[in-house]
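Here's upload.pdb, which has PDB, C-alpha atoms and all ligand atoms:
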ATOM      1  CA  MET S   1     -29.276   2.493  18.829  1.00  0.00           C
ATOM      2  CA  LYS S   2     -26.424   4.898  19.419  1.00  0.00           C
ATOM      3  CA  LYS S   3     -24.213   2.146  20.752  1.00  0.00           C
ATOM      4  CA  SER S   4     -24.845  -0.107  17.776  1.00  0.00           C
ATOM      5  CA  LEU S   5     -23.994   2.730  15.373  1.00  0.00           C
ATOM      6  CA  ILE S   6     -20.676   3.272  17.156  1.00  0.00           C
ATOM      7  CA  THR S   7     -20.022  -0.442  17.050  1.00  0.00           C
ATOM      8  CA  LEU S   8     -20.734  -0.502  13.328  1.00  0.00           C
ATOM      9  CA  ALA S   9     -18.425   2.460  12.744  1.00  0.00           C
ATOM     10  CA  LEU S  10     -15.612   0.894  14.734  1.00  0.00           C
ATOM     11  CA  THR S  11     -16.067  -2.416  12.989  1.00  0.00           C
ATOM     12  CA  ALA S  12     -15.836  -0.667   9.641  1.00  0.00           C
ATOM     13  CA  THR S  13     -12.740   1.238  10.778  1.00  0.00           C
ATOM     14  CA  MET S  14     -10.994  -1.908  11.957  1.00  0.00           C
ATOM     15  CA  GLY S  15     -11.976  -3.692   8.775  1.00  0.00           C
ATOM     16  CA  ALA S  16     -10.396  -0.924   6.744  1.00  0.00           C
ATOM     17  CA  VAL S  17      -7.224  -1.090   8.822  1.00  0.00           C
ATOM     18  CA  LEU S  18      -6.936  -4.841   8.411  1.00  0.00           C
ATOM     19  CA  ALA S  19      -7.711  -4.636   4.725  1.00  0.00           C
ATOM     20  CA  GLN S  20      -4.815  -2.203   4.324  1.00  0.00           C
ATOM     21  CA  SER S  21      -2.310  -4.480   6.032  1.00  0.00           C
ATOM     22  CA  PRO S  22      -0.439  -5.740   3.020  1.00  0.00           C
ATOM     23  CA  ALA S  23       2.529  -7.909   3.894  1.00  0.00           C
ATOM     24  CA  LEU S  24       2.018 -11.640   3.542  1.00  0.00           C
ATOM     25  CA  ALA S  25      -1.685 -11.113   3.010  1.00  0.00           C
ATOM     26  CA  SER S  26      -1.931 -14.375   1.119  1.00  0.00           C
ATOM     27  CA  ALA S  27      -0.575 -16.241   4.133  1.00  0.00           C
ATOM     28  CA  VAL S  28      -3.221 -15.033   6.585  1.00  0.00           C
ATOM     29  CA  PRO S  29      -4.562 -18.093   8.383  1.00  0.00           C
ATOM     30  CA  ALA S  30      -8.235 -18.722   8.947  1.00  0.00           C
ATOM     31  CA  SER S  31      -7.779 -17.939  12.615  1.00  0.00           C
ATOM     32  CA  VAL S  32      -5.883 -14.873  13.737  1.00  0.00           C
ATOM     33  CA  PRO S  33      -3.510 -14.905  16.714  1.00  0.00           C
ATOM     34  CA  THR S  34      -5.529 -15.330  19.872  1.00  0.00           C
ATOM     35  CA  ALA S  35      -3.020 -14.343  22.521  1.00  0.00           C
ATOM     36  CA  ALA S  36      -4.856 -11.122  23.253  1.00  0.00           C
ATOM     37  CA  PRO S  37      -3.666  -8.950  26.107  1.00  0.00           C
ATOM     38  CA  THR S  38      -6.035  -9.310  29.027  1.00  0.00           C
ATOM     39  CA  ASN S  39      -7.604  -5.872  28.812  1.00  0.00           C
ATOM     40  CA  LEU S  40      -8.460  -6.173  25.131  1.00  0.00           C
ATOM     41  CA  GLY S  41     -11.201  -3.891  23.947  1.00  0.00           C
ATOM     42  CA  VAL S  42     -12.197  -1.032  21.728  1.00  0.00           C
ATOM     43  CA  ASN S  43     -13.811   2.089  23.060  1.00  0.00           C
ATOM     44  CA  ALA S  44     -15.319   5.173  21.511  1.00  0.00           C
ATOM     45  CA  GLN S  45     -12.011   7.059  21.742  1.00  0.00           C
ATOM     46  CA  ALA S  46     -10.718   4.899  18.930  1.00  0.00           C
ATOM     47  CA  VAL S  47     -12.634   6.951  16.378  1.00  0.00           C
ATOM     48  CA  ASN S  48     -10.139   9.774  17.004  1.00  0.00           C
ATOM     49  CA  PRO S  49      -6.878   8.324  15.700  1.00  0.00           C
ATOM     50  CA  TYR S  50      -4.731  10.756  17.653  1.00  0.00           C
ATOM     51  CA  ALA S  51      -6.462  10.378  20.980  1.00  0.00           C
ATOM     52  CA  GLY S  52      -5.267   6.837  21.517  1.00  0.00           C
ATOM     53  CA  THR S  53      -6.876   4.535  24.010  1.00  0.00           C
ATOM     54  CA  ALA S  54      -5.785   2.852  27.215  1.00  0.00           C
ATOM     55  CA  LYS S  55      -7.137  -0.441  25.903  1.00  0.00           C
ATOM     56  CA  TRP S  56      -5.180  -2.626  23.528  1.00  0.00           C
ATOM     57  CA  ARG S  57      -6.273  -2.370  19.918  1.00  0.00           C
ATOM     58  CA  LEU S  58      -5.388  -4.955  17.312  1.00  0.00           C
ATOM     59  CA  MET S  59      -3.866  -3.109  14.342  1.00  0.00           C
ATOM     60  CA  SER S  60      -2.619  -5.862  12.061  1.00  0.00           C
ATOM     61  CA  THR S  61      -2.870  -9.601  11.554  1.00  0.00           C
ATOM     62  CA  ALA S  62      -1.186  -9.594   8.171  1.00  0.00           C
ATOM     63  CA  SER S  63       2.548  -9.538   8.809  1.00  0.00           C
ATOM     64  CA  ASP S  64       5.358 -11.678  10.122  1.00  0.00           C
ATOM     65  CA  VAL S  65       7.195  -9.509  12.660  1.00  0.00           C
ATOM     66  CA  ASP S  66       9.646 -12.000  14.176  1.00  0.00           C
ATOM     67  CA  GLY S  67      10.568 -13.520  10.829  1.00  0.00           C
ATOM     68  CA  ASP S  68       9.667 -17.125  11.637  1.00  0.00           C
ATOM     69  CA  GLY S  69       7.331 -17.417   8.670  1.00  0.00           C
ATOM     70  CA  THR S  70       4.068 -17.187  10.609  1.00  0.00           C
ATOM     71  CA  ILE S  71       1.644 -14.294  10.907  1.00  0.00           C
ATOM     72  CA  ASP S  72       1.810 -12.231  14.099  1.00  0.00           C
ATOM     73  CA  GLY S  73      -0.606  -9.816  15.738  1.00  0.00           C
ATOM     74  CA  ILE S  74       0.347  -6.151  16.245  1.00  0.00           C
ATOM     75  CA  TRP S  75      -1.384  -4.256  19.035  1.00  0.00           C
ATOM     76  CA  ILE S  76      -1.124  -0.700  20.340  1.00  0.00           C
ATOM     77  CA  ARG S  77      -2.329   1.189  23.377  1.00  0.00           C
ATOM     78  CA  ARG S  78      -1.718   4.425  25.186  1.00  0.00           C
ATOM     79  CA  LYS S  79      -0.137   3.447  28.491  1.00  0.00           C
ATOM     80  CA  SER S  80       0.056   6.970  29.899  1.00  0.00           C
ATOM     81  CA  ALA S  81       0.165  10.575  28.717  1.00  0.00           C
ATOM     82  CA  ASN S  82       3.604  10.182  27.150  1.00  0.00           C
ATOM     83  CA  VAL S  83       4.029   6.435  26.828  1.00  0.00           C
ATOM     84  CA  CYS S  84       2.730   4.494  23.841  1.00  0.00           C
ATOM     85  CA  SER S  85       2.968   0.696  24.034  1.00  0.00           C
ATOM     86  CA  VAL S  86       3.308  -1.740  21.160  1.00  0.00           C
ATOM     87  CA  ARG S  87       2.699  -5.445  21.569  1.00  0.00           C
ATOM     88  CA  VAL S  88       3.376  -8.312  19.183  1.00  0.00           C
ATOM     89  CA  THR S  89       1.594 -11.625  19.746  1.00  0.00           C
ATOM     90  CA  ARG S  90       2.912 -14.793  18.130  1.00  0.00           C
ATOM     91  CA  GLY S  91       0.471 -17.351  19.510  1.00  0.00           C
ATOM     92  CA  PRO S  92      -1.241 -18.300  22.762  1.00  0.00           C
ATOM     93  CA  GLY S  93       0.752 -16.861  25.637  1.00  0.00           C
ATOM     94  CA  GLN S  94       3.591 -15.717  23.426  1.00  0.00           C
ATOM     95  CA  GLY S  95       4.470 -12.119  22.775  1.00  0.00           C
ATOM     96  CA  ALA S  96       6.509  -9.091  23.708  1.00  0.00           C
ATOM     97  CA  THR S  97       5.768  -5.458  24.524  1.00  0.00           C
ATOM     98  CA  LYS S  98       7.759  -2.264  23.984  1.00  0.00           C
ATOM     99  CA  ASP S  99       7.003   1.087  25.616  1.00  0.00           C
ATOM    100  CA  LEU S 100       7.708   4.106  23.411  1.00  0.00           C
ATOM    101  CA  TYR S 101       8.229   7.688  24.549  1.00  0.00           C
ATOM    102  CA  SER S 102       5.635   9.992  23.001  1.00  0.00           C
ATOM    103  CA  SER S 103       6.081  13.768  22.823  1.00  0.00           C
ATOM    104  CA  PHE S 104       5.113  16.764  20.663  1.00  0.00           C
ATOM    105  CA  GLY S 105       1.376  16.278  20.955  1.00  0.00           C
ATOM    106  CA  ASN S 106       1.791  12.799  22.441  1.00  0.00           C
ATOM    107  CA  PRO S 107       0.282  10.817  19.586  1.00  0.00           C
ATOM    108  CA  CYS S 108       0.122   7.038  19.851  1.00  0.00           C
ATOM    109  CA  VAL S 109      -0.832   5.972  16.344  1.00  0.00           C
ATOM    110  CA  PHE S 110      -0.030   2.832  14.368  1.00  0.00           C
ATOM    111  CA  HIS S 111       1.518   4.012  11.094  1.00  0.00           C
ATOM    112  CA  GLY S 112       2.122   0.628   9.516  1.00  0.00           C
ATOM    113  CA  ASP S 113       4.493  -2.284   9.287  1.00  0.00           C
ATOM    114  CA  ALA S 114       6.914  -3.199   6.548  1.00  0.00           C
ATOM    115  CA  PRO S 115      10.232  -4.890   5.903  1.00  0.00           C
ATOM    116  CA  PHE S 116      12.575  -2.005   6.653  1.00  0.00           C
ATOM    117  CA  ASP S 117      16.051  -3.271   7.577  1.00  0.00           C
ATOM    118  CA  THR S 118      17.923  -6.283   6.211  1.00  0.00           C
ATOM    119  CA  VAL S 119      16.836  -8.762   8.884  1.00  0.00           C
ATOM    120  CA  ARG S 120      13.920 -11.093   8.111  1.00  0.00           C
ATOM    121  CA  GLY S 121      10.567  -9.885   9.457  1.00  0.00           C
ATOM    122  CA  SER S 122       8.596  -6.657   9.369  1.00  0.00           C
ATOM    123  CA  GLU S 123       9.368  -3.566  11.385  1.00  0.00           C
ATOM    124  CA  ILE S 124       6.551  -1.588  13.032  1.00  0.00           C
ATOM    125  CA  SER S 125       6.203   2.181  12.622  1.00  0.00           C
ATOM    126  CA  VAL S 126       4.361   4.199  15.268  1.00  0.00           C
ATOM    127  CA  LEU S 127       3.664   7.926  15.182  1.00  0.00           C
ATOM    128  CA  THR S 128       4.929   9.191  18.553  1.00  0.00           C
ATOM    129  CA  GLY S 129       5.343  12.901  17.830  1.00  0.00           C
ATOM    130  CA  LEU S 130       3.335  15.396  15.829  1.00  0.00           C
ATOM    131  CA  GLY S 131       4.123  19.071  15.436  1.00  0.00           C
ATOM    132  CA  ALA S 132       2.288  21.506  13.182  1.00  0.00           C
ATOM    133  CA  HIS S 133       3.696  19.500  10.265  1.00  0.00           C
ATOM    134  CA  THR S 134       6.684  17.465  11.442  1.00  0.00           C
ATOM    135  CA  GLN S 135       6.000  13.801  12.173  1.00  0.00           C
ATOM    136  CA  TRP S 136       8.184  11.736  14.514  1.00  0.00           C
ATOM    137  CA  HIS S 137       8.053   7.972  14.124  1.00  0.00           C
ATOM    138  CA  SER S 138       9.362   5.260  16.415  1.00  0.00           C
ATOM    139  CA  ILE S 139      10.387   2.079  14.605  1.00  0.00           C
ATOM    140  CA  VAL S 140      10.137  -1.158  16.569  1.00  0.00           C
ATOM    141  CA  THR S 141      11.695  -4.466  15.586  1.00  0.00           C
ATOM    142  CA  TRP S 142      11.828  -8.024  16.946  1.00  0.00           C
ATOM    143  CA  ARG S 143      15.246  -9.185  18.114  1.00  0.00           C
ATOM    144  CA  ASP S 144      16.017 -12.315  20.129  1.00  0.00           C
ATOM    145  CA  GLY S 145      12.574 -12.636  21.667  1.00  0.00           C
ATOM    146  CA  ARG S 146      12.197  -8.955  22.469  1.00  0.00           C
ATOM    147  CA  LEU S 147      10.806  -5.843  20.840  1.00  0.00           C
ATOM    148  CA  VAL S 148      13.457  -3.138  20.587  1.00  0.00           C
ATOM    149  CA  LEU S 149      13.677   0.393  19.235  1.00  0.00           C
ATOM    150  CA  GLU S 150      15.313   0.739  15.830  1.00  0.00           C
ATOM    151  CA  ARG S 151      16.964   4.141  15.923  1.00  0.00           C
ATOM    152  CA  ALA S 152      17.683   6.558  13.118  1.00  0.00           C
ATOM    153  CA  PRO S 153      21.434   7.214  12.734  1.00  0.00           C
ATOM    154  CA  ARG S 154      21.439  10.340  14.894  1.00  0.00           C
ATOM    155  CA  ASN S 155      18.156  10.190  16.753  1.00  0.00           C
ATOM    156  CA  PRO S 156      15.977   7.676  18.539  1.00  0.00           C
ATOM    157  CA  ARG S 157      13.134   8.568  16.187  1.00  0.00           C
ATOM    158  CA  TRP S 158      12.663   9.132  12.453  1.00  0.00           C
ATOM    159  CA  THR S 159      11.223  12.376  11.087  1.00  0.00           C
ATOM    160  CA  VAL S 160       9.412  13.346   7.914  1.00  0.00           C
ATOM    161  CA  ASP S 161       8.089  16.763   7.039  1.00  0.00           C
ATOM    162  CA  SER S 162       6.396  18.776   4.336  1.00  0.00           C
ATOM    163  CA  THR S 163       5.814  22.518   4.301  1.00  0.00           C
ATOM    164  CA  VAL S 164       6.027  25.365   1.788  1.00  0.00           C
ATOM    165  CA  MET S 165       9.607  25.964   2.971  1.00  0.00           C
ATOM    166  CA  MET S 166      10.889  22.483   3.847  1.00  0.00           C
ATOM    167  CA  GLN S 167      10.580  18.905   2.651  1.00  0.00           C
ATOM    168  CA  GLU S 168      12.003  15.843   4.388  1.00  0.00           C
ATOM    169  CA  GLY S 169      11.595  12.216   3.485  1.00  0.00           C
ATOM    170  CA  ILE S 170      12.973   8.690   3.647  1.00  0.00           C
ATOM    171  CA  ARG S 171      13.178   6.341   0.665  1.00  0.00           C
ATOM    172  CA  ARG S 172      14.001   2.656   0.920  1.00  0.00           C
ATOM    173  CA  THR S 173      16.023   1.686  -2.086  1.00  0.00           C
ATOM    174  CA  ARG S 174      18.875  -0.527  -3.246  1.00  0.00           C
ATOM    175  CA  ASN S 175      22.361   0.388  -4.331  1.00  0.00           C
ATOM    176  CA  ALA S 176      24.063  -0.819  -7.505  1.00  0.00           C
ATOM    177  CA  ALA S 177      25.012  -4.054  -5.744  1.00  0.00           C
ATOM    178  CA  GLY S 178      21.403  -4.710  -4.777  1.00  0.00           C
ATOM    179  CA  GLU S 179      21.938  -3.960  -1.095  1.00  0.00           C
ATOM    180  CA  ILE S 180      19.147  -2.247   0.860  1.00  0.00           C
ATOM    181  CA  ARG S 181      19.745   1.414   1.616  1.00  0.00           C
ATOM    182  CA  LEU S 182      17.721   4.303   3.025  1.00  0.00           C
ATOM    183  CA  ALA S 183      18.020   7.708   1.388  1.00  0.00           C
ATOM    184  CA  HIS S 184      17.161  10.510   3.786  1.00  0.00           C
ATOM    185  CA  THR S 185      16.644  13.848   2.043  1.00  0.00           C
ATOM    186  CA  ALA S 186      15.943  17.208   3.651  1.00  0.00           C
ATOM    187  CA  VAL S 187      15.683  20.350   1.536  1.00  0.00           C
ATOM    188  CA  THR S 188      14.616  23.948   2.054  1.00  0.00           C
ATOM    189  CA  ARG S 189      13.330  26.457  -0.455  1.00  0.00           C
ATOM    190  CA  GLY S 190      15.532  29.290  -1.621  1.00  0.00           C
ATOM    191  CA  ALA S 191      14.516  32.730  -2.847  1.00  0.00           C
ATOM    192  CA  THR S 192      13.986  31.626  -6.446  1.00  0.00           C
ATOM    193  CA  SER S 193      11.872  28.513  -5.820  1.00  0.00           C
ATOM    194  CA  ARG S 194      14.959  26.382  -6.133  1.00  0.00           C
ATOM    195  CA  TRP S 195      15.313  23.888  -3.330  1.00  0.00           C
ATOM    196  CA  SER S 196      18.563  22.698  -1.797  1.00  0.00           C
ATOM    197  CA  GLY S 197      19.730  20.556   1.059  1.00  0.00           C
ATOM    198  CA  VAL S 198      21.415  17.283   1.921  1.00  0.00           C
ATOM    199  CA  ARG S 199      20.821  13.670   1.004  1.00  0.00           C
ATOM    200  CA  SER S 200      22.271  11.050   3.344  1.00  0.00           C
ATOM    201  CA  VAL S 201      22.432   7.360   2.591  1.00  0.00           C
ATOM    202  CA  TYR S 202      22.001   4.880   5.453  1.00  0.00           C
ATOM    203  CA  ALA S 203      23.090   1.261   5.542  1.00  0.00           C
ATOM    204  CA  TYR S 204      22.129  -1.326   8.131  1.00  0.00           C
ATOM    205  CA  LYS S 205      25.357  -2.644   9.642  1.00  0.00           C
ATOM    206  CA  GLY S 206      25.910  -4.511  12.879  1.00  0.00           C
ATOM    207  CA  GLY S 207      22.306  -4.081  13.941  1.00  0.00           C
ATOM    208  CA  THR S 208      22.135  -0.333  13.481  1.00  0.00           C
ATOM    209  CA  TRP S 209      21.616   2.226  10.723  1.00  0.00           C
ATOM    210  CA  VAL S 210      24.774   4.164   9.874  1.00  0.00           C
ATOM    211  CA  VAL S 211      25.441   6.994   7.433  1.00  0.00           C
ATOM    212  CA  THR S 212      27.518   5.759   4.497  1.00  0.00           C
ATOM    213  CA  ALA S 213      27.299   8.747   2.159  1.00  0.00           C
ATOM    214  CA  LYS S 214      26.221  12.350   2.245  1.00  0.00           C
ATOM    215  CA  LYS S 215      25.950  14.927  -0.514  1.00  0.00           C
ATOM    216  CA  SER S 216      24.437  18.310  -1.275  1.00  0.00           C
ATOM    217  CA  VAL S 217      21.416  18.267  -3.540  1.00  0.00           C
ATOM    218  CA  ALA S 218      19.521  20.929  -5.502  1.00  0.00           C
ATOM    219  CA  MET S 219      16.142  20.430  -7.084  1.00  0.00           C
ATOM    220  CA  THR S 220      13.030  21.978  -8.545  1.00  0.00           C
ATOM    221  CA  GLN S 221       9.785  22.596  -6.723  1.00  0.00           C
ATOM    222  CA  ALA S 222       8.265  19.470  -8.248  1.00  0.00           C
ATOM    223  CA  GLN S 223      11.234  17.325  -7.285  1.00  0.00           C
ATOM    224  CA  ALA S 224      11.224  18.705  -3.741  1.00  0.00           C
ATOM    225  CA  SER S 225       7.533  18.018  -3.237  1.00  0.00           C
ATOM    226  CA  ALA S 226       8.090  14.417  -4.341  1.00  0.00           C
ATOM    227  CA  ILE S 227      10.722  13.546  -1.727  1.00  0.00           C
ATOM    228  CA  SER S 228       8.761  14.270   1.442  1.00  0.00           C
ATOM    229  CA  GLY S 229       7.338  11.547   3.648  1.00  0.00           C
ATOM    230  CA  TRP S 230       7.891   7.811   3.704  1.00  0.00           C
ATOM    231  CA  HIS S 231       8.706   6.036   0.482  1.00  0.00           C
ATOM    232  CA  VAL S 232       8.803   2.539   1.899  1.00  0.00           C
ATOM    233  CA  LYS S 233       6.645  -0.194   0.377  1.00  0.00           C
ATOM    234  CA  PHE S 234       3.623  -0.943   2.608  1.00  0.00           C
ATOM    235  CA  LEU S 235       4.021   2.245   4.713  1.00  0.00           C
ATOM    236  CA  PRO S 236       1.693   5.197   4.074  1.00  0.00           C
ATOM    237  CA  ARG S 237       3.607   8.249   2.869  1.00  0.00           C
ATOM    238  CA  PHE S 238       2.272  10.319   5.774  1.00  0.00           C
ATOM    239  CA  GLU S 239       0.215   9.412   8.826  1.00  0.00           C
ATOM    240  CA  ARG S 240      -3.021  11.374   8.422  1.00  0.00           C
TER     241      ARG S 240
HETATM  242 CA    CA T 301       5.891 -14.672  13.066  1.00  0.00          CA
END

Could I get this file's structure written as structure tokens?
Amino acid sequence: MKKSLITLALTATMGAVLAQSPALASAVPASVPTAAPTNLGVNAQAVNPYAGTAKWRLMSTASDVDGDGTIDGIWIRRKSANVCSVRVTRGPGQGATKDLYSSFGNPCVFHGDAPFDTVRGSEISVLTGLGAHTQWHSIVTWRDGRLVLERAPRNPRWTVDSTVMMQEGIRRTRNAAGEIRLAHTAVTRGATSRWSGVRSVYAYKGGTWVVTAKKSVAMTQAQASAISGWHVKFLPRFER
């Protein structure tokens, strides 16, 4: 009885995850990718999203990661205490794996997948660090048959944050010419509830994100609270 209840709960959880996978949902084939890693399975640890599990878990069958126009499978597992592995399967016997360094609480949590840079295909976001409020994300992308880390301009990982004294967020947007840009904003609260900080604009050039503009910004409490977290279509604002 207990086992069947757990199974039902996990099934419901996975169903919710798959239902939330948005990209190319209309193109989902009747059969999902079957090239499962050999130690596929779901165990009771999966009900704690931050605990991770040594077994591969299928997180999405709704997105095209390599950009070839077909749906791919996205899997995640905790390889060791501070290594989180992501795997993308494209079909029987085809796939690639990337090991990610996990620190600050060692989370290994699938955050989502979304078109992020300017190259065709979705990028994968994984929560690999979690402080009291700061969240570190590793972005993984498919390049030339491999999964590789997509670094932030100054760090291997991307951070978002939200506290009573600090707000940090990333917004995917387009410039006046229609080119994709990321706006990274980090502000702190002053003595009079006015918030100030820096907004940097990133462009994807030569296979990497580079800073193309930087300016000081000042804003109200309401404006500051609106900038924190991810503002990228298909990615949750924060990993909860
Ligand atoms: Ca594909």

**Asked** Counting only C-alpha atoms, which residues come within 7 Å of (13.0, 25.6, -5.2), with the point read in the file's coordinates, and could you list them as an MDAnalysis selection string?
**Response** chainID S and resid 189:190 192:195 219:221

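Minimum distance to Tyr101 (chain S) across S:Gly206, S:Gly129, S:Gly145, S:Gly229 (counting all atoms listed in the file) occurs at S:Gly129.
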
**Near-region 169-183 of chain S list (9 Å; all atoms listed in the file; drop same-chain fewer than 2 positions) as an MDAnalysis selection string** = chainID S and resid 116:118 158:162 167 185:186 199:204 209 226:233 237

Selection export as a short mmCIF file (atom, residue, chain, number, x, y, z; two decimals), keeping the file's coordinate frame, atoms kept: C-alpha atoms:
data_model
loop_
_atom_site.label_atom_id
_atom_site.label_comp_id
_atom_site.auth_asym_id
_atom_site.auth_seq_id
_atom_site.Cartn_x
_atom_site.Cartn_y
_atom_site.Cartn_z
CA PHE S 116 12.58 -2.00 6.65
CA ASP S 117 16.05 -3.27 7.58
CA THR S 118 17.92 -6.28 6.21
CA TRP S 158 12.66 9.13 12.45
CA THR S 159 11.22 12.38 11.09
CA VAL S 160 9.41 13.35 7.91
CA ASP S 161 8.09 16.76 7.04
CA SER S 162 6.40 18.78 4.34
CA GLN S 167 10.58 18.90 2.65
CA THR S 185 16.64 13.85 2.04
CA ALA S 186 15.94 17.21 3.65
CA ARG S 199 20.82 13.67 1.00
CA SER S 200 22.27 11.05 3.34
CA VAL S 201 22.43 7.36 2.59
CA TYR S 202 22.00 4.88 5.45
CA ALA S 203 23.09 1.26 5.54
CA TYR S 204 22.13 -1.33 8.13
CA TRP S 209 21.62 2.23 10.72
CA ALA S 226 8.09 14.42 -4.34
CA ILE S 227 10.72 13.55 -1.73
CA SER S 228 8.76 14.27 1.44
CA GLY S 229 7.34 11.55 3.65
CA TRP S 230 7.89 7.81 3.70
CA HIS S 231 8.71 6.04 0.48
CA VAL S 232 8.80 2.54 1.90
CA LYS S 233 6.64 -0.19 0.38
CA ARG S 237 3.61 8.25 2.87
#

Per residue of chain S within 9 Å of ligand CA 301 (chain T), note the shortest atom pair and the distance in Å to one decimal, counting all atoms listed in the file, and order the rows by chain and increasing residue number, as JSON lines.
{"residue": "S:Ser63", "atom": "CA", "partner": "T:CA301", "partner_atom": "CA", "distance": 7.5}
{"residue": "S:Asp64", "atom": "CA", "partner": "T:CA301", "partner_atom": "CA", "distance": 4.2}
{"residue": "S:Val65", "atom": "CA", "partner": "T:CA301", "partner_atom": "CA", "distance": 5.3}
{"residue": "S:Asp66", "atom": "CA", "partner": "T:CA301", "partner_atom": "CA", "distance": 4.7}
{"residue": "S:Gly67", "atom": "CA", "partner": "T:CA301", "partner_atom": "CA", "distance": 5.3}
{"residue": "S:Asp68", "atom": "CA", "partner": "T:CA301", "partner_atom": "CA", "distance": 4.7}
{"residue": "S:Gly69", "atom": "CA", "partner": "T:CA301", "partner_atom": "CA", "distance": 5.4}
{"residue": "S:Thr70", "atom": "CA", "partner": "T:CA301", "partner_atom": "CA", "distance": 4.0}
{"residue": "S:Ile71", "atom": "CA", "partner": "T:CA301", "partner_atom": "CA", "distance": 4.8}
{"residue": "S:Asp72", "atom": "CA", "partner": "T:CA301", "partner_atom": "CA", "distance": 4.9}
{"residue": "S:Gly73", "atom": "CA", "partner": "T:CA301", "partner_atom": "CA", "distance": 8.5}
{"residue": "S:Thr89", "atom": "CA", "partner": "T:CA301", "partner_atom": "CA", "distance": 8.5}
{"residue": "S:Arg90", "atom": "CA", "partner": "T:CA301", "partner_atom": "CA", "distance": 5.9}
{"residue": "S:Gly91", "atom": "CA", "partner": "T:CA301", "partner_atom": "CA", "distance": 8.8}
{"residue": "S:Gly121", "atom": "CA", "partner": "T:CA301", "partner_atom": "CA", "distance": 7.6}

**Asked** If we count all atoms listed in the file, what is near Val83 (chain S) at a cut-off of 12 Å, once residues fewer than 5 positions away on the same chain are taken out, given as a list in words?
**Response** Gly52, Thr53, Ala54, Ile76, Arg77, Arg78, Lys98, Asp99, Leu100, Tyr101, Ser102, Ser103, Gly105, Asn106, Pro107, Cys108, Val109, Val126, Leu127, Thr128, Gly129 and Ser138 of chain S

**Message:** Given only C-alpha atoms as the basis, pick out the residue of S:Phe110, S:Trp136, S:Trp142, S:Trp56 nearest to Gly95 (chain S).
**Reply:** S:Trp142

**Request:** With a distance cut-off of 9 Å and only C-alpha atoms, select the neighbouring residues of Leu235 (chain S), excluding the residue or stretch itself and same-chain residues fewer than 4 positions from it, and output the selection as JSON, numbers by chain.
**Result:** {"S": [111, 112, 113, 114, 125, 230, 231]}

**Request:** Could you check which of S:Ile124, S:Ala96, S:Pro115, S:Ala152 is closest to Ser60 (chain S), using only C-alpha atoms?
**Result:** S:Ile124

**Asked** What is the distance between CA of Ala132 (chain S) and CA of Asn82 (chain S), in Å to one decimal?
**Response** 18.0 Å

**Request:** For CA of Arg146 (chain S) and CA of Thr134 (chain S), quote the distance in Å rounded to one decimal.
**Result:**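 Between these atoms lies a distance of 29.2 Å.
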
**Request:** Rounded to one decimal place, report the CA of Ile139 (chain S)-CA of Pro156 (chain S) distance in Å.
**Result:** 8.8 Å

Evaluate the PyMOL selection byres (((chain S and resi 215) around 7) and not hetatm) and record the selected residues as a PDB file with C-alpha atoms, in the coordinates of the input, following the chain and residue labels used in the document.
ATOM      1  CA  VAL S 198      21.415  17.283   1.921  1.00  0.00           C
ATOM      2  CA  ARG S 199      20.821  13.670   1.004  1.00  0.00           C
ATOM      3  CA  SER S 200      22.271  11.050   3.344  1.00  0.00           C
ATOM      4  CA  ALA S 213      27.299   8.747   2.159  1.00  0.00           C
ATOM      5  CA  LYS S 214      26.221  12.350   2.245  1.00  0.00           C
ATOM      6  CA  SER S 216      24.437  18.310  -1.275  1.00  0.00           C
ATOM      7  CA  VAL S 217      21.416  18.267  -3.540  1.00  0.00           C
TER       8      VAL S 217
END

Block slice region 150-175 of chain S, C-alpha atoms, emitted as an mmCIF file, in the first residue's frame:
data_model
loop_
_atom_site.group_PDB
_atom_site.id
_atom_site.type_symbol
_atom_site.label_atom_id
_atom_site.label_comp_id
_atom_site.auth_asym_id
_atom_site.auth_seq_id
_atom_site.Cartn_x
_atom_site.Cartn_y
_atom_site.Cartn_z
ATOM 1 C CA GLU S 150 27.506 28.101 -21.308
ATOM 2 C CA ARG S 151 29.227 30.560 -19.005
ATOM 3 C CA ALA S 152 28.068 33.927 -17.761
ATOM 4 C CA PRO S 153 30.415 36.737 -18.874
ATOM 5 C CA ARG S 154 32.481 36.716 -15.685
ATOM 6 C CA ASN S 155 31.596 33.441 -14.026
ATOM 7 C CA PRO S 156 31.022 29.822 -14.937
ATOM 8 C CA ARG S 157 27.553 30.057 -13.412
ATOM 9 C CA TRP S 158 24.627 32.489 -13.477
ATOM 10 C CA THR S 159 23.190 33.974 -10.284
ATOM 11 C CA VAL S 160 19.834 35.408 -9.301
ATOM 12 C CA ASP S 161 18.860 36.718 -5.905
ATOM 13 C CA SER S 162 16.089 38.381 -3.961
ATOM 14 C CA THR S 163 16.271 39.729 -0.426
ATOM 15 C CA VAL S 164 15.053 42.791 1.473
ATOM 16 C CA MET S 165 18.409 44.439 0.704
ATOM 17 C CA MET S 166 19.347 43.076 -2.730
ATOM 18 C CA GLN S 167 17.702 42.075 -5.988
ATOM 19 C CA GLU S 168 19.424 40.418 -8.938
ATOM 20 C CA GLY S 169 17.917 39.142 -12.137
ATOM 21 C CA ILE S 170 18.395 38.288 -15.799
ATOM 22 C CA ARG S 171 16.000 39.326 -18.562
ATOM 23 C CA ARG S 172 16.148 38.003 -22.105
ATOM 24 C CA THR S 173 15.177 40.773 -24.441
ATOM 25 C CA ARG S 174 15.899 42.268 -27.849
ATOM 26 C CA ASN S 175 17.604 45.497 -28.763
#
